[in-house]
Amino acid sequence: MKNISRSSYALLFIFLLCAPLFLHDFRVALLAKFLCFAILAVGICLIWGYTGILSLGHGVFFGLGAYCVAMYLKLEASPTGIPDFMGWSGIVELPGLWKPFANPYFAISAAVIVPVLLALVLGYFTFKNRIRGVYFSLISQALVVVFVTLFIGKQEITGGTNGLTNFSTAFGISLTNRGVQQVLYFITVGFLLLTVAFALWLTKSRAGKLLMAIREGENRVRFLGYNPTSFKVFVYCVSAALAGVAGGLFVLQVGMISPEMMGIIPSIEMVLWVAVGGRYSIFGAVIGAILTNSAKSFFSESYPDFWLFFLGGLFILVVLVMPNGLVGLGKSVGEKITSRIKKKEKEDVQHEAGPYVS
Amino acid sequence: MKGGAAMEIWASQLFNGLSYSSFLLLIALGLAITFGLMKVMNMAHGDMIMIGAYVTYSTQLIFSSFMPQNMFDYYFLFSIPIAFVVTACIGWILEKSLIQFLYNRPLDSMLATWGVSLILQQIARTIFGAPNVAVKTPSWLDGGLQIAAVTLPYKRLFILVLVGLCLTGLYVYLYRTAAGRRMTAVTLNRQMASCLGVNTRKVDAGAFALGSGLGGVAGCALTLLGPVGPTVGTNYIIDAFMIVILGGIGNLKGTLIGAVVIGLISTFVEFGSSATIAKVVVFALIILFLQWKPFGLISTRSRALD
């Protein structure tokens with residue numbers, strides 16, 4: 001079994017590295033976007049699949065990461081030093097919040113640190129009081145509503161519903177250049193590789209065992225002398241950081257971020273990616289993110305009306321019929337085949353042995 | 001004179017807050033009943049509101065084309081029971097076809113009901129179109145009641161009365177009828193109720209239908225407050241979730257207090273600053289409140305850990 005999983009990771013990454021050779025540029029750009037989502041999905045897999053905490057608010061962390069990088073890109077794209085949308089609201093001086101984001105290194109580290117800080121504060125105040133299960137999920141969803149209304153309401157600072165877009169350069173290099181896009185694609189693959197490696201290491205470690213123990217019986221973990229709160233806050237922060245990284249990479253390649261992309265519906269769709277792939281498997285999270293988003297772009301290109309029915313049906317199907325996702329499905333099919341082969345071998349052996357026995 | 005004007009503003013804000021609270025209460029009650037009973041958080045509850053609102057809209061269309069002109073003003077009174085029955089039936093079907101497989105899987109049930117919600121919204125979009133539709137308020141609800149320079153709109157008074165009637169009905173049902181008492185018994189102790197011969201499966205389906213029906217009535221009330229669109233339920237459902245969290249599970253008194261508190265706070269903060277700030281303040285206050293009482297305002301004490 002271990003060899004199978006190792007070779008499936010190897011196959012996946014070889015495919016991703018070769019993809020630019022045989023895919024059209026447009027498809028590669030799409031795939032790069034999906035890989036950003038895959039990084040985020042690994043974070044959700046850690047917190048939901050392994051620890052059993054359902055967060056319906058990861059869009060916020062994704063959005064914060066994306067906005068941090070986007071603020072830098074926007075400043076670099078504004079020759080006057082003040083983003084165009086601020087000029088429309090009559091702002092003549094750059095707000096203090098924006099000033100440090102002129103520095104790319106600050107912006108990139110903020111894309112990780114800001115989501116982590118938010119997760120730390122919210123996680124500490126909820127998990128400490130043993131708020132869990134459905135309650136935490138609803139609170140995390142309310143967080144999305146708060147942030148989306150805040151980002152839309154404070155239009156003069158955040159760009160409102162349109163969000164931030166029209167970027168030109170990063171570090172003085174044009175972003176629309178084909179070569180730059182390819183380099184960004186490979187950087188994303190690299191980040192995904194690092195993320196997967198980190199997640200596998202974490203889940204194999206003692207801390208990872210404890211995360212699963214918290215999923216199975218939080219109070220027992222408490223009675224064994226561990227403090228589940230710190231582990232839960234930790235895994236929440238890790239997944240927030242991954243979402244922030246994903247957001248930062250996303251904005252570099254897609255070139256826009258708006259409150260709509262961090263709303264309630266995207267946030268819950270992120271959970272669906274993991275559910276489709278297989279919530280208990282990191283590999284599942286990665287392929288779930290890629291496949292679900294490919295299906296989404298296929299359906300919304302050809303049958304936009306049909307897509308929501310499909311999406312809704314997918315939620316129900318994944319919960320009712322295949323709670324272990326595609327990976328679980330693959331595993332059970334694989335087991336069936338191997339058991340049939342074994343059975344057949346056994347029969348063959350008996351068949352061959354038949355005459356001698358009688 | 002200035003003091004008097006301020007008083008009037010405060011009084012009318014208080015009234016607006018109370019009517020918003022009562023509307024939220026109607027939504028949250030349905031959620032609280034099903035969550036307290038089956039530990040299933042129905043994410044599609046917002047769409048029951050939407051369906052209720054569209055039922056009202058359809059009733060209005062039917063009345064304006066088939067009924068005599070002088071009957072038109074009373075369509076709204078007819079639409080309330082129709083909306084209740086339609087949404088209760090949908091809730092019952094939903095419970096029988098989907099929810100019953102999801103007991104004891106609270107997180108999964110959230111995802112599955114979210115899927116249902118997406119499908120219902122898309123169905124509404126296919127039938128009624130994506131743009132909002134407006135429901136014409138009956139003429140007897142135009143205008144308002146004048147009390148010492150404060151005008152109380154009849155629409156909002158009507159919502160208050162409607163919620164009051166629903167609450168009374170619910171109270172009588174839950175504590176004075178045999179079926180309602182069975183429901184209360186299952187909420188308190190499912191296994192014991194089952195041992196004493198209560199058909200818990202039947203009670204669950206009934207409770208789900210009742211909760212959905214209340215959502216439908218809330219949808220009727222919603223048409224008095226604004227236009228109706230396929231995603232109209234989502235705007236209010238998050239507030240209703242917060243009320244359930246604030247109030248504590250399995251306790252309708254907690255839900256009542258939670259609704260009044262959240263409705264009043266959001267109305268007053270919104271009046272003092274903006275709707276954006278109101279959302280942030282309410283969320284922060286809820287998180288702070290949960291530091292003090294993690295299980296809500298009124299929680300059933302129990303020695304059980306899990």
# chains A, B, ... in the order shown; residues from 1 in each chain; ligands from 1
>>> closest_atom_pairs(of="chain A", to="chain B", cutoff="6 Å", atoms="only C-alpha atoms", output="JSON lines")
{"residue": "A:Asn129", "atom": "CA", "partner": "B:Pro294", "partner_atom": "CA", "distance": 5.9}
{"residue": "A:Val146", "atom": "CA", "partner": "B:Val280", "partner_atom": "CA", "distance": 5.6}
{"residue": "A:Thr149", "atom": "CA", "partner": "B:Thr276", "partner_atom": "CA", "distance": 5.7}
{"residue": "A:Leu150", "atom": "CA", "partner": "B:Thr276", "partner_atom": "CA", "distance": 5.7}
{"residue": "A:Gly153", "atom": "CA", "partner": "B:Thr276", "partner_atom": "CA", "distance": 5.9}
{"residue": "A:Phe309", "atom": "CA", "partner": "B:Ile119", "partner_atom": "CA", "distance": 5.2}
{"residue": "A:Gly312", "atom": "CA", "partner": "B:Gly115", "partner_atom": "CA", "distance": 3.7}
{"residue": "A:Phe315", "atom": "CA", "partner": "B:Gly115", "partner_atom": "CA", "distance": 4.9}
{"residue": "A:Ile316", "atom": "CA", "partner": "B:Ala112", "partner_atom": "CA", "distance": 4.5}
>>> write_last_selection(atoms="N, CA and C atoms", output="PDB file, in the first residue's frame")
ATOM      1  N   ASN A 129     -12.514  27.605  24.936  1.00  0.00           N
ATOM      2  CA  ASN A 129     -13.789  27.411  25.621  1.00  0.00           C
ATOM      3  C   ASN A 129     -14.514  26.161  25.165  1.00  0.00           C
ATOM      4  N   VAL A 146     -18.462  38.706   8.061  1.00  0.00           N
ATOM      5  CA  VAL A 146     -17.884  39.929   8.623  1.00  0.00           C
ATOM      6  C   VAL A 146     -16.832  40.497   7.673  1.00  0.00           C
ATOM      7  N   THR A 149     -18.336  41.815   4.245  1.00  0.00           N
ATOM      8  CA  THR A 149     -19.019  43.116   4.357  1.00  0.00           C
ATOM      9  C   THR A 149     -18.012  44.221   4.660  1.00  0.00           C
ATOM     10  N   LEU A 150     -16.992  43.885   5.449  1.00  0.00           N
ATOM     11  CA  LEU A 150     -15.969  44.887   5.769  1.00  0.00           C
ATOM     12  C   LEU A 150     -15.224  45.313   4.504  1.00  0.00           C
ATOM     13  N   GLY A 153     -17.620  47.250   2.309  1.00  0.00           N
ATOM     14  CA  GLY A 153     -18.029  48.521   2.920  1.00  0.00           C
ATOM     15  C   GLY A 153     -16.931  49.562   2.923  1.00  0.00           C
ATOM     16  N   PHE A 309     -26.684  22.875 -10.103  1.00  0.00           N
ATOM     17  CA  PHE A 309     -27.333  21.594  -9.803  1.00  0.00           C
ATOM     18  C   PHE A 309     -26.274  20.526  -9.554  1.00  0.00           C
ATOM     19  N   GLY A 312     -24.524  21.155  -6.187  1.00  0.00           N
ATOM     20  CA  GLY A 312     -25.378  20.757  -5.069  1.00  0.00           C
ATOM     21  C   GLY A 312     -25.462  19.250  -4.955  1.00  0.00           C
ATOM     22  N   PHE A 315     -22.339  17.771  -3.403  1.00  0.00           N
ATOM     23  CA  PHE A 315     -22.298  17.860  -1.936  1.00  0.00           C
ATOM     24  C   PHE A 315     -23.039  16.672  -1.330  1.00  0.00           C
ATOM     25  N   ILE A 316     -24.246  16.422  -1.843  1.00  0.00           N
ATOM     26  CA  ILE A 316     -25.070  15.358  -1.270  1.00  0.00           C
ATOM     27  C   ILE A 316     -24.436  13.996  -1.534  1.00  0.00           C
TER      28      ILE A 316
END
>>> residues_around(residues="Gly91 of chain B", least_positions_apart="5", cutoff="6 Å", atoms="only C-alpha atoms", output="ChimeraX atom specification")
/B:208-209,212
>>> closest_residue(among="B:Met38, B:Leu160, B:Ser19, B:Ala124", to="Asn104 of chain B", atoms="only C-alpha atoms")
B:Met38
>>> residues_around(residues="Ser21 of chain B", least_positions_apart="6", cutoff="8 Å", atoms="only C-alpha atoms", output="PyMOL selection string")
chain B and resi 259-264
>>> write_last_selection(atoms="C-alpha atoms", output="PDB file, in the first residue's frame")
ATOM      1  CA  ALA B 259     -33.000  37.037  18.919  1.00  0.00           C
ATOM      2  CA  VAL B 260     -34.009  40.148  20.852  1.00  0.00           C
ATOM      3  CA  VAL B 261     -30.409  40.894  21.843  1.00  0.00           C
ATOM      4  CA  ILE B 262     -28.938  40.446  18.352  1.00  0.00           C
ATOM      5  CA  GLY B 263     -31.795  42.271  16.644  1.00  0.00           C
ATOM      6  CA  LEU B 264     -31.568  45.259  18.975  1.00  0.00           C
TER       7      LEU B 264
END
>>> atom_distance(atom1="atom CA of Leu320 of chain A", atom2="atom CA of Gln100 of chain B")
10.8 Å
>>> closest_atom_pairs(of="segment 92-179 of chain A", to="segment 66-79 of chain A", cutoff="6 Å", atoms="only C-alpha atoms", output="tab-separated table")
residue	atom	partner	partner_atom	distance
A:Phe101	CA	A:Tyr72	CA	5.1
A:Ala102	CA	A:Tyr72	CA	5.4
A:Ala107	CA	A:Val69	CA	5.5
A:Ile108	CA	A:Val69	CA	5.9
A:Ala111	CA	A:Cys68	CA	5.2
A:Phe167	CA	A:Ala77	CA	5.4
A:Ser168	CA	A:Ala77	CA	5.4
>>> select_by_dssp(residues="segment 142-276 of chain B", states="strand (DSSP E)", output="list in words")
Gly144, Leu145, Gln146, Ile147, Val150, Thr151, Leu152 and Pro153 of chain B
>>> closest_residue(among="B:Pro138, B:Gly30, B:Gly169, B:Pro227", to="Phe63 of chain B", atoms="only C-alpha atoms")
B:Pro138
>>> decode(residues="segment 136-276 of chain B", atoms="C-alpha atoms", output="mmCIF file, in the first residue's frame")
data_model
loop_
_atom_site.group_PDB
_atom_site.id
_atom_site.type_symbol
_atom_site.label_atom_id
_atom_site.label_comp_id
_atom_site.auth_asym_id
_atom_site.auth_seq_id
_atom_site.Cartn_x
_atom_site.Cartn_y
_atom_site.Cartn_z
ATOM 1 C CA LYS B 136 -47.130 44.374 -3.580
ATOM 2 C CA THR B 137 -48.030 45.157 -0.012
ATOM 3 C CA PRO B 138 -51.785 44.961 0.599
ATOM 4 C CA SER B 139 -53.293 48.407 1.029
ATOM 5 C CA TRP B 140 -54.424 47.754 4.598
ATOM 6 C CA LEU B 141 -50.752 47.477 5.618
ATOM 7 C CA ASP B 142 -49.811 50.874 4.170
ATOM 8 C CA GLY B 143 -49.300 53.714 6.555
ATOM 9 C CA GLY B 144 -48.644 53.509 10.238
ATOM 10 C CA LEU B 145 -49.872 53.973 13.746
ATOM 11 C CA GLN B 146 -49.198 57.405 15.218
ATOM 12 C CA ILE B 147 -48.242 57.391 18.913
ATOM 13 C CA ALA B 148 -47.091 60.796 20.208
ATOM 14 C CA ALA B 149 -45.040 61.845 17.153
ATOM 15 C CA VAL B 150 -43.608 58.332 16.656
ATOM 16 C CA THR B 151 -44.930 56.490 13.599
ATOM 17 C CA LEU B 152 -45.055 52.734 13.816
ATOM 18 C CA PRO B 153 -45.437 51.295 10.290
ATOM 19 C CA TYR B 154 -48.312 48.806 10.046
ATOM 20 C CA LYS B 155 -46.074 46.380 8.160
ATOM 21 C CA ARG B 156 -43.709 46.061 11.064
ATOM 22 C CA LEU B 157 -46.561 45.910 13.564
ATOM 23 C CA PHE B 158 -48.047 43.116 11.480
ATOM 24 C CA ILE B 159 -44.774 41.173 11.633
ATOM 25 C CA LEU B 160 -44.698 41.592 15.416
ATOM 26 C CA VAL B 161 -48.263 40.309 15.696
ATOM 27 C CA LEU B 162 -47.545 37.424 13.301
ATOM 28 C CA VAL B 163 -44.516 36.341 15.312
ATOM 29 C CA GLY B 164 -46.506 36.674 18.519
ATOM 30 C CA LEU B 165 -49.177 34.375 17.101
ATOM 31 C CA CYS B 166 -46.572 31.868 15.919
ATOM 32 C CA LEU B 167 -44.894 31.874 19.335
ATOM 33 C CA THR B 168 -48.212 31.316 21.109
ATOM 34 C CA GLY B 169 -49.092 28.546 18.689
ATOM 35 C CA LEU B 170 -45.727 26.919 19.166
ATOM 36 C CA TYR B 171 -46.001 27.182 22.931
ATOM 37 C CA VAL B 172 -49.433 25.587 22.957
ATOM 38 C CA TYR B 173 -48.275 22.887 20.571
ATOM 39 C CA LEU B 174 -45.096 22.016 22.452
ATOM 40 C CA TYR B 175 -46.478 22.076 25.992
ATOM 41 C CA ARG B 176 -50.219 21.478 25.689
ATOM 42 C CA THR B 177 -50.678 18.845 22.986
ATOM 43 C CA ALA B 178 -49.683 15.193 23.026
ATOM 44 C CA ALA B 179 -47.668 15.442 19.778
ATOM 45 C CA GLY B 180 -45.785 18.484 21.025
ATOM 46 C CA ARG B 181 -45.020 16.845 24.340
ATOM 47 C CA ARG B 182 -43.605 13.859 22.503
ATOM 48 C CA MET B 183 -41.340 16.257 20.639
ATOM 49 C CA THR B 184 -40.170 17.877 23.872
ATOM 50 C CA ALA B 185 -39.568 14.454 25.376
ATOM 51 C CA VAL B 186 -37.400 13.333 22.462
ATOM 52 C CA THR B 187 -35.429 16.592 22.650
ATOM 53 C CA LEU B 188 -34.717 16.033 26.328
ATOM 54 C CA ASN B 189 -33.840 12.340 26.203
ATOM 55 C CA ARG B 190 -34.159 10.482 22.955
ATOM 56 C CA GLN B 191 -33.443 6.993 24.243
ATOM 57 C CA MET B 192 -35.757 7.240 27.206
ATOM 58 C CA ALA B 193 -38.558 8.610 25.057
ATOM 59 C CA SER B 194 -38.027 5.777 22.617
ATOM 60 C CA CYS B 195 -38.172 3.230 25.462
ATOM 61 C CA LEU B 196 -41.475 4.694 26.581
ATOM 62 C CA GLY B 197 -42.994 4.023 23.197
ATOM 63 C CA VAL B 198 -42.538 7.309 21.371
ATOM 64 C CA ASN B 199 -41.910 6.775 17.675
ATOM 65 C CA THR B 200 -38.843 9.000 17.468
ATOM 66 C CA ARG B 201 -38.556 8.701 13.691
ATOM 67 C CA LYS B 202 -42.048 10.104 13.257
ATOM 68 C CA VAL B 203 -41.333 12.881 15.750
ATOM 69 C CA ASP B 204 -38.146 13.828 13.887
ATOM 70 C CA ALA B 205 -39.903 14.091 10.551
ATOM 71 C CA GLY B 206 -42.698 16.128 12.128
ATOM 72 C CA ALA B 207 -40.256 18.469 13.823
ATOM 73 C CA PHE B 208 -38.338 19.023 10.628
ATOM 74 C CA ALA B 209 -41.546 19.834 8.789
ATOM 75 C CA LEU B 210 -42.588 22.218 11.581
ATOM 76 C CA GLY B 211 -39.217 23.991 11.547
ATOM 77 C CA SER B 212 -39.302 24.380 7.776
ATOM 78 C CA GLY B 213 -42.874 25.624 7.943
ATOM 79 C CA LEU B 214 -41.852 28.356 10.383
ATOM 80 C CA GLY B 215 -39.163 29.318 7.870
ATOM 81 C CA GLY B 216 -41.877 29.590 5.225
ATOM 82 C CA VAL B 217 -43.915 31.932 7.420
ATOM 83 C CA ALA B 218 -40.773 34.010 7.931
ATOM 84 C CA GLY B 219 -40.549 34.185 4.152
ATOM 85 C CA CYS B 220 -44.058 35.682 4.019
ATOM 86 C CA ALA B 221 -42.997 38.302 6.547
ATOM 87 C CA LEU B 222 -39.873 39.006 4.510
ATOM 88 C CA THR B 223 -41.901 40.120 1.504
ATOM 89 C CA LEU B 224 -43.110 43.064 3.609
ATOM 90 C CA LEU B 225 -39.527 44.169 4.267
ATOM 91 C CA GLY B 226 -37.957 44.033 0.822
ATOM 92 C CA PRO B 227 -37.739 42.458 -2.638
ATOM 93 C CA VAL B 228 -37.425 38.698 -3.110
ATOM 94 C CA GLY B 229 -34.613 36.923 -4.941
ATOM 95 C CA PRO B 230 -33.258 33.364 -5.145
ATOM 96 C CA THR B 231 -30.506 34.023 -2.585
ATOM 97 C CA VAL B 232 -32.557 36.159 -0.219
ATOM 98 C CA GLY B 233 -32.433 33.568 2.557
ATOM 99 C CA THR B 234 -28.643 33.592 2.824
ATOM 100 C CA ASN B 235 -28.674 37.206 4.027
ATOM 101 C CA TYR B 236 -30.599 36.378 7.167
ATOM 102 C CA ILE B 237 -29.599 32.813 7.884
ATOM 103 C CA ILE B 238 -26.174 33.661 9.326
ATOM 104 C CA ASP B 239 -27.773 35.990 11.883
ATOM 105 C CA ALA B 240 -30.183 33.185 12.752
ATOM 106 C CA PHE B 241 -27.270 30.776 13.272
ATOM 107 C CA MET B 242 -25.666 33.281 15.610
ATOM 108 C CA ILE B 243 -28.906 33.484 17.569
ATOM 109 C CA VAL B 244 -28.972 29.717 17.997
ATOM 110 C CA ILE B 245 -25.361 29.772 19.209
ATOM 111 C CA LEU B 246 -26.044 32.682 21.555
ATOM 112 C CA GLY B 247 -29.217 31.141 22.929
ATOM 113 C CA GLY B 248 -27.936 27.659 23.626
ATOM 114 C CA ILE B 249 -29.306 24.404 22.278
ATOM 115 C CA GLY B 250 -32.591 22.770 23.024
ATOM 116 C CA ASN B 251 -33.997 25.807 24.728
ATOM 117 C CA LEU B 252 -36.490 28.069 23.048
ATOM 118 C CA LYS B 253 -36.300 30.681 25.806
ATOM 119 C CA GLY B 254 -32.613 31.150 25.029
ATOM 120 C CA THR B 255 -33.445 31.545 21.346
ATOM 121 C CA LEU B 256 -36.010 34.220 22.201
ATOM 122 C CA ILE B 257 -33.556 36.234 24.290
ATOM 123 C CA GLY B 258 -30.794 35.742 21.719
ATOM 124 C CA ALA B 259 -33.000 37.037 18.919
ATOM 125 C CA VAL B 260 -34.009 40.148 20.852
ATOM 126 C CA VAL B 261 -30.409 40.894 21.843
ATOM 127 C CA ILE B 262 -28.938 40.446 18.352
ATOM 128 C CA GLY B 263 -31.795 42.271 16.644
ATOM 129 C CA LEU B 264 -31.568 45.259 18.975
ATOM 130 C CA ILE B 265 -27.778 45.492 18.936
ATOM 131 C CA SER B 266 -27.540 45.313 15.162
ATOM 132 C CA THR B 267 -30.310 47.873 14.675
ATOM 133 C CA PHE B 268 -28.815 50.355 17.121
ATOM 134 C CA VAL B 269 -25.207 49.986 15.973
ATOM 135 C CA GLU B 270 -26.355 50.216 12.377
ATOM 136 C CA PHE B 271 -28.210 53.419 13.223
ATOM 137 C CA GLY B 272 -25.195 54.851 15.058
ATOM 138 C CA SER B 273 -22.605 53.966 12.400
ATOM 139 C CA SER B 274 -23.166 51.694 9.409
ATOM 140 C CA ALA B 275 -24.356 48.209 8.502
ATOM 141 C CA THR B 276 -20.730 47.117 8.015
#
